[in-house]
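*Asks:* I am sharing work_34.pdb, which consists of PDB, C-alpha atoms:
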```
ATOM      1  CA  MET H  25       0.000   0.000   0.000
ATOM      2  CA  SER H  26       1.282   3.464  -0.891
ATOM      3  CA  GLU H  27       2.267   5.862   1.853
ATOM      4  CA  ALA H  28       0.338   9.147   1.680
ATOM      5  CA  THR H  29       2.328  12.350   1.853
ATOM      6  CA  THR H  30       2.341  16.035   0.899
ATOM      7  CA  LEU H  31       4.638  18.033  -1.339
ATOM      8  CA  ALA H  32       6.411  19.399   1.718
ATOM      9  CA  GLY H  33       6.770  15.928   3.195
ATOM     10  CA  LEU H  34       8.163  14.530  -0.047
ATOM     11  CA  THR H  35      10.649  17.389  -0.273
ATOM     12  CA  ASN H  36      11.884  16.723   3.241
ATOM     13  CA  ALA H  37      12.171  12.994   2.616
ATOM     14  CA  LEU H  38      14.170  13.400  -0.599
ATOM     15  CA  LEU H  39      16.638  15.816   0.956
ATOM     16  CA  SER H  40      17.046  13.824   4.144
ATOM     17  CA  GLU H  41      17.874  10.687   2.158
ATOM     18  CA  GLU H  42      20.330  12.339  -0.207
ATOM     19  CA  GLY H  43      23.596  10.464  -0.650
ATOM     20  CA  GLU H  44      26.405  10.628  -3.168
ATOM     21  CA  GLY H  45      24.648   8.770  -5.988
ATOM     22  CA  ARG H  46      22.034  10.130  -8.369
ATOM     23  CA  ARG H  47      18.476   9.059  -7.659
ATOM     24  CA  ILE H  48      15.586   8.833 -10.111
ATOM     25  CA  VAL H  49      12.131   9.587  -8.738
ATOM     26  CA  ALA H  50       9.203   8.505 -10.934
ATOM     27  CA  ILE H  51       6.126  10.730 -10.695
ATOM     28  CA  ALA H  52       3.173   9.019 -12.385
ATOM     29  CA  GLY H  53      -0.457   9.979 -12.711
ATOM     30  CA  SER H  54      -3.481  10.097 -14.960
ATOM     31  CA  PRO H  55      -3.907  12.863 -17.529
ATOM     32  CA  GLY H  56      -5.196  15.842 -15.561
ATOM     33  CA  SER H  57      -3.861  14.628 -12.216
ATOM     34  CA  GLY H  58      -1.335  17.444 -11.955
ATOM     35  CA  LYS H  59       1.811  15.337 -12.211
ATOM     36  CA  SER H  60       3.676  17.880 -14.357
ATOM     37  CA  THR H  61       2.807  20.707 -11.983
ATOM     38  CA  THR H  62       3.764  18.510  -9.028
ATOM     39  CA  ALA H  63       7.153  17.762 -10.593
ATOM     40  CA  GLU H  64       7.781  21.443 -11.268
ATOM     41  CA  GLN H  65       6.792  22.491  -7.753
ATOM     42  CA  LEU H  66       8.908  19.725  -6.251
ATOM     43  CA  ARG H  67      11.924  20.814  -8.307
ATOM     44  CA  GLU H  68      11.446  24.397  -7.114
ATOM     45  CA  ARG H  69      11.241  23.338  -3.472
ATOM     46  CA  LEU H  70      14.275  21.069  -3.695
ATOM     47  CA  ASN H  71      16.406  23.629  -5.515
ATOM     48  CA  ALA H  72      15.363  26.427  -3.141
ATOM     49  CA  ARG H  73      16.881  24.448  -0.296
ATOM     50  CA  ARG H  74      19.782  22.908  -2.200
ATOM     51  CA  PRO H  75      20.472  24.826  -5.420
ATOM     52  CA  GLY H  76      20.947  22.667  -8.508
ATOM     53  CA  VAL H  77      20.102  19.392  -6.797
ATOM     54  CA  ALA H  78      17.033  18.519  -8.911
ATOM     55  CA  GLU H  79      15.918  18.543 -12.549
ATOM     56  CA  ILE H  80      13.025  17.110 -14.564
ATOM     57  CA  LEU H  81      12.921  14.467 -17.302
ATOM     58  CA  ALA H  82       9.420  14.411 -18.782
ATOM     59  CA  MET H  83       8.179  11.277 -20.534
ATOM     60  CA  ASP H  84       6.251  13.562 -22.935
ATOM     61  CA  GLY H  85       9.555  14.483 -24.567
ATOM     62  CA  PHE H  86       9.485  10.989 -26.065
ATOM     63  CA  HIS H  87       6.260  11.403 -28.048
ATOM     64  CA  PHE H  88       6.640  10.091 -31.569
ATOM     65  CA  ASP H  89       6.568  13.002 -33.995
ATOM     66  CA  ASP H  90       3.303  13.706 -35.817
ATOM     67  CA  THR H  91       4.867  12.593 -39.114
ATOM     68  CA  VAL H  92       5.368   9.126 -37.607
ATOM     69  CA  LEU H  93       1.931   9.070 -35.994
ATOM     70  CA  ASN H  94       0.218  10.173 -39.208
ATOM     71  CA  ALA H  95       2.014   7.483 -41.207
ATOM     72  CA  ARG H  96       0.922   4.857 -38.693
ATOM     73  CA  GLY H  97      -2.647   6.151 -38.421
ATOM     74  CA  ASP H  98      -2.129   6.938 -34.721
ATOM     75  CA  ARG H  99      -2.360  10.743 -34.683
ATOM     76  CA  ALA H 100      -5.816  10.776 -33.049
ATOM     77  CA  ARG H 101      -4.461   8.622 -30.207
ATOM     78  CA  LYS H 102      -1.413  10.786 -29.483
ATOM     79  CA  GLY H 103      -0.717  10.362 -25.784
ATOM     80  CA  ALA H 104      -1.685   6.669 -25.632
ATOM     81  CA  PRO H 105       1.103   4.273 -24.564
ATOM     82  CA  HIS H 106       1.905   3.082 -28.087
ATOM     83  CA  THR H 107       2.569   6.656 -29.291
ATOM     84  CA  PHE H 108       5.737   7.020 -27.185
ATOM     85  CA  ASP H 109       9.308   5.974 -27.916
ATOM     86  CA  LEU H 110       9.493   3.713 -24.872
ATOM     87  CA  ASP H 111      12.897   2.288 -25.805
ATOM     88  CA  GLY H 112      14.335   5.786 -26.218
ATOM     89  CA  TYR H 113      12.949   6.835 -22.845
ATOM     90  CA  ARG H 114      14.384   3.714 -21.180
ATOM     91  CA  ALA H 115      17.779   4.379 -22.770
ATOM     92  CA  MET H 116      17.730   7.961 -21.477
ATOM     93  CA  LEU H 117      17.005   6.732 -17.955
ATOM     94  CA  GLY H 118      20.003   4.433 -18.312
ATOM     95  CA  ARG H 119      22.249   7.340 -19.295
ATOM     96  CA  LEU H 120      21.096   9.331 -16.296
ATOM     97  CA  ARG H 121      21.611   6.411 -13.946
ATOM     98  CA  ALA H 122      25.156   5.953 -15.271
ATOM     99  CA  ASP H 123      25.975   9.296 -13.588
ATOM    100  CA  ASP H 124      29.289   9.518 -15.441
ATOM    101  CA  GLY H 125      30.015  13.197 -14.777
ATOM    102  CA  ARG H 126      28.847  14.477 -18.164
ATOM    103  CA  ASP H 127      25.969  16.713 -19.197
ATOM    104  CA  VAL H 128      22.937  14.861 -20.546
ATOM    105  CA  ALA H 129      20.721  16.659 -23.069
ATOM    106  CA  VAL H 130      17.069  15.608 -22.848
ATOM    107  CA  PRO H 131      14.006  16.406 -24.982
ATOM    108  CA  VAL H 132      11.130  18.590 -23.808
ATOM    109  CA  PHE H 133       7.571  18.464 -25.171
ATOM    110  CA  ASP H 134       6.309  21.879 -26.289
ATOM    111  CA  ARG H 135       2.550  21.717 -25.791
ATOM    112  CA  SER H 136       1.992  24.984 -27.662
ATOM    113  CA  ILE H 137       3.100  23.302 -30.909
ATOM    114  CA  GLU H 138       2.501  19.653 -29.890
ATOM    115  CA  ILE H 139       6.081  18.718 -30.752
ATOM    116  CA  ALA H 140       9.000  17.367 -28.704
ATOM    117  CA  ARG H 141      12.097  19.574 -28.936
ATOM    118  CA  ALA H 142      15.321  17.568 -28.882
ATOM    119  CA  GLY H 143      18.082  18.644 -26.506
ATOM    120  CA  ALA H 144      15.916  21.363 -24.985
ATOM    121  CA  ARG H 145      17.089  20.773 -21.398
ATOM    122  CA  ILE H 146      20.482  19.905 -19.939
ATOM    123  CA  ILE H 147      20.775  17.726 -16.861
ATOM    124  CA  GLU H 148      24.138  18.643 -15.415
ATOM    125  CA  PRO H 149      26.472  16.350 -13.443
ATOM    126  CA  GLY H 150      25.624  18.100 -10.179
ATOM    127  CA  VAL H 151      21.957  17.075 -10.379
ATOM    128  CA  ARG H 152      21.452  14.424  -7.707
ATOM    129  CA  ILE H 153      17.672  13.979  -7.981
ATOM    130  CA  VAL H 154      16.031  13.430 -11.377
ATOM    131  CA  LEU H 155      12.271  13.851 -11.254
ATOM    132  CA  THR H 156      10.841  11.930 -14.201
ATOM    133  CA  GLU H 157       7.126  12.352 -14.789
ATOM    134  CA  GLY H 158       4.594  10.742 -17.090
ATOM    135  CA  ASN H 159       1.260   8.973 -17.292
ATOM    136  CA  TYR H 160       2.491   5.416 -17.739
ATOM    137  CA  LEU H 161       5.556   5.093 -15.517
ATOM    138  CA  LEU H 162       3.771   2.553 -13.329
ATOM    139  CA  LEU H 163       1.703   0.920 -16.070
ATOM    140  CA  ASP H 164       1.540  -2.835 -15.517
ATOM    141  CA  GLU H 165       1.934  -3.791 -19.167
ATOM    142  CA  PRO H 166       4.803  -5.301 -21.188
ATOM    143  CA  GLY H 167       7.724  -2.932 -21.607
ATOM    144  CA  TRP H 168       6.352  -0.320 -19.240
ATOM    145  CA  ARG H 169       6.585  -2.509 -16.146
ATOM    146  CA  ASP H 170      10.307  -3.019 -16.879
ATOM    147  CA  LEU H 171      10.914   0.649 -16.120
ATOM    148  CA  GLY H 172      10.489  -0.089 -12.417
ATOM    149  CA  ALA H 173      14.064  -1.357 -12.112
ATOM    150  CA  LEU H 174      15.325   2.109 -13.099
ATOM    151  CA  PHE H 175      13.436   4.028 -10.411
ATOM    152  CA  ASP H 176      14.636   4.608  -6.855
ATOM    153  CA  LEU H 177      11.284   5.941  -5.640
ATOM    154  CA  THR H 178       7.812   5.987  -7.207
ATOM    155  CA  VAL H 179       5.054   8.531  -6.606
ATOM    156  CA  MET H 180       1.455   8.383  -7.827
ATOM    157  CA  VAL H 181      -0.269  11.748  -8.129
ATOM    158  CA  GLU H 182      -3.956  11.131  -7.470
ATOM    159  CA  ALA H 183      -7.269  12.924  -7.992
ATOM    160  CA  GLY H 184     -10.896  11.806  -8.246
ATOM    161  CA  GLU H 185     -12.292  10.945 -11.681
ATOM    162  CA  ASP H 186     -14.730  13.881 -11.677
ATOM    163  CA  THR H 187     -11.868  16.265 -10.939
ATOM    164  CA  LEU H 188      -9.761  14.731 -13.702
ATOM    165  CA  ILE H 189     -12.541  15.155 -16.273
ATOM    166  CA  GLU H 190     -13.105  18.743 -15.170
ATOM    167  CA  ARG H 191      -9.406  19.574 -15.512
ATOM    168  CA  LEU H 192      -9.071  17.908 -18.913
ATOM    169  CA  THR H 193     -12.124  19.766 -20.194
ATOM    170  CA  ALA H 194     -10.721  23.081 -18.964
ATOM    171  CA  ARG H 195      -7.349  22.321 -20.567
ATOM    172  CA  TRP H 196      -8.764  21.867 -24.055
ATOM    173  CA  LEU H 197     -11.206  24.752 -23.750
ATOM    174  CA  GLY H 198      -8.138  26.840 -22.996
ATOM    175  CA  PHE H 199      -6.750  25.803 -26.384
ATOM    176  CA  GLY H 200      -9.930  27.030 -28.064
ATOM    177  CA  LEU H 201     -11.490  23.690 -29.020
ATOM    178  CA  GLU H 202     -15.067  23.837 -30.256
ATOM    179  CA  PRO H 203     -17.613  21.610 -28.425
ATOM    180  CA  GLU H 204     -17.623  18.799 -31.024
ATOM    181  CA  ALA H 205     -13.825  18.701 -31.203
ATOM    182  CA  LEU H 206     -13.665  18.755 -27.408
ATOM    183  CA  VAL H 207     -15.917  15.709 -27.120
ATOM    184  CA  ARG H 208     -13.854  13.831 -29.731
ATOM    185  CA  LYS H 209     -10.644  14.683 -27.899
ATOM    186  CA  LEU H 210     -11.941  13.593 -24.511
ATOM    187  CA  GLU H 211     -13.934  10.499 -25.458
ATOM    188  CA  GLY H 212     -11.581   9.328 -28.171
ATOM    189  CA  ASN H 213      -8.292   9.759 -26.347
ATOM    190  CA  ASP H 214      -7.969  11.507 -22.980
ATOM    191  CA  LEU H 215     -10.597   9.578 -21.052
ATOM    192  CA  PRO H 216      -9.476   6.132 -22.304
ATOM    193  CA  ASN H 217      -5.903   7.061 -21.317
ATOM    194  CA  MET H 218      -7.103   8.284 -17.933
ATOM    195  CA  ARG H 219      -9.022   5.073 -17.246
ATOM    196  CA  LEU H 220      -6.059   2.950 -18.332
ATOM    197  CA  VAL H 221      -3.812   4.660 -15.783
ATOM    198  CA  LEU H 222      -6.402   4.335 -13.032
ATOM    199  CA  ALA H 223      -7.099   0.671 -13.758
ATOM    200  CA  LYS H 224      -3.684  -0.727 -14.653
ATOM    201  CA  SER H 225      -1.013   1.129 -12.695
ATOM    202  CA  ARG H 226       1.122  -0.731 -10.168
ATOM    203  CA  PRO H 227       1.100   0.592  -6.588
ATOM    204  CA  ALA H 228       3.543   3.423  -5.941
ATOM    205  CA  ASP H 229       5.764   3.876  -2.912
ATOM    206  CA  ILE H 230       4.157   7.260  -2.269
ATOM    207  CA  ALA H 231       0.674   8.648  -2.961
ATOM    208  CA  LEU H 232       0.135  12.400  -3.287
ATOM    209  CA  ARG H 233      -3.367  13.810  -3.795
ATOM    210  CA  THR H 234      -3.987  17.009  -5.728
ATOM    211  CA  ASP H 235      -7.746  17.349  -5.314
ATOM    212  CA  GLY H 236      -7.805  18.603  -1.721
TER
END
```
Can you dump the structure from the file as structure tokens?

*Replies:*
Amino acid sequence: MSEATTLAGLTNALLSEEGEGRRIVAIAGSPGSGKSTTAEQLRERLNARRPGVAEILAMDGFHFDDTVLNARGDRARKGAPHTFDLDGYRAMLGRLRADDGRDVAVPVFDRSIEIARAGARIIEPGVRIVLTEGNYLLLDEPGWRDLGALFDLTVMVEAGEDTLIERLTARWLGFGLEPEALVRKLEGNDLPNMRLVLAKSRPADIALRTDG
């Protein structure tokens, strides 16, 4: 069973357990759970107390490009597990775990243009805590479950289903989607992805709620 905590509690725990080696903390959660915001806030808290100790590796940086998705007929399902370069993400985790004293350039997903930008963030040798966040980091399915061996700590960011739907709706309204397009986006992609995470994720070490 996961241990419940708060952002402040998680910050304290990570800093109190810091040793010489680099640690990778997986932050998983359904679409709309607030995992990206949680990772960003956690990085800010950690770095405020120990400058340069933490950085983020987002799984979204490993989206297949739209040219690949269009060719495969998967563009409408962008964000589902099969639309990510899982092997590339796993290889990047391996590079970070090697902790060989060199900079590591990682991709960042630019939501404003729906494209991953290669080498858009540098994780420097002094970073001791890598916060990696994504929907499927705890997914109990072939390939995804193998990621567990690369994580030192796992966190599930949780919120009720009604809250998740409300947040996802607000997100796409913010991008100016018309009602029909909004329904297609939610029912055809976001909600199936949300339910997959809720139904098929392995238990995390830590649970952190974002719905009050």

*Asks:* Quick check, in Å to one decimal: how far apart do atom CA of Ser40 of chain H and atom CA of Arg226 of chain H lie?

*Replies:*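 Spanning atom CA of Ser40 of chain H to atom CA of Arg226 of chain H is a straight-line distance of 25.9 Å.
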
*Asks:* Enumerate, as a VMD selection string, the residues matched when the PyMOL selection byres ((chain H and resi 47-59) around 8) is run on the file above.

*Replies:* chain H and resid 45 to 46 60 to 63 121 152 to 162 174 to 183 188 to 189 191 to 192 214 217 to 219 221 to 222 234

*Asks:* Tell me which of H:Glu211, H:Glu204, H:Asp186, H:Asp84 sits closest to Leu110 of chain H, counting only C-alpha atoms.

*Replies:*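 Closest candidate: H:Asp84.
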
*Asks:* When you count all atoms listed in the file, which of these residues is closest to Leu93 of chain H: H:Ile146, H:Ile139, H:Leu220, H:Leu232?

*Replies:*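 Of H:Ile146, H:Ile139, H:Leu220, H:Leu232, the one nearest Leu93 of chain H, counting all atoms listed in the file, is H:Ile139.
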
*Asks:* Quick one: residues within 7 Å of His87 of chain H, all atoms listed in the file counted, chain neighbours fewer than 4 positions away excluded, as JSON, numbers by chain?

*Replies:* {"H": [107, 108, 109, 140]}

*Asks:* As an exercise, work out the distance from atom CA of Asn36 of chain H to atom CA of Ala144 of chain H in Å and give it to one decimal place.

*Replies:*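 Between atom CA of Asn36 of chain H and atom CA of Ala144 of chain H the gap is 28.9 Å.
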
*Asks:* Which is closer to Glu165 of chain H than all the others in H:Ala223, H:Ala82, H:Leu39, H:Ala32, using all atoms listed in the file?

*Replies:*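 So, comparing all the options, the nearest one is H:Ala223.
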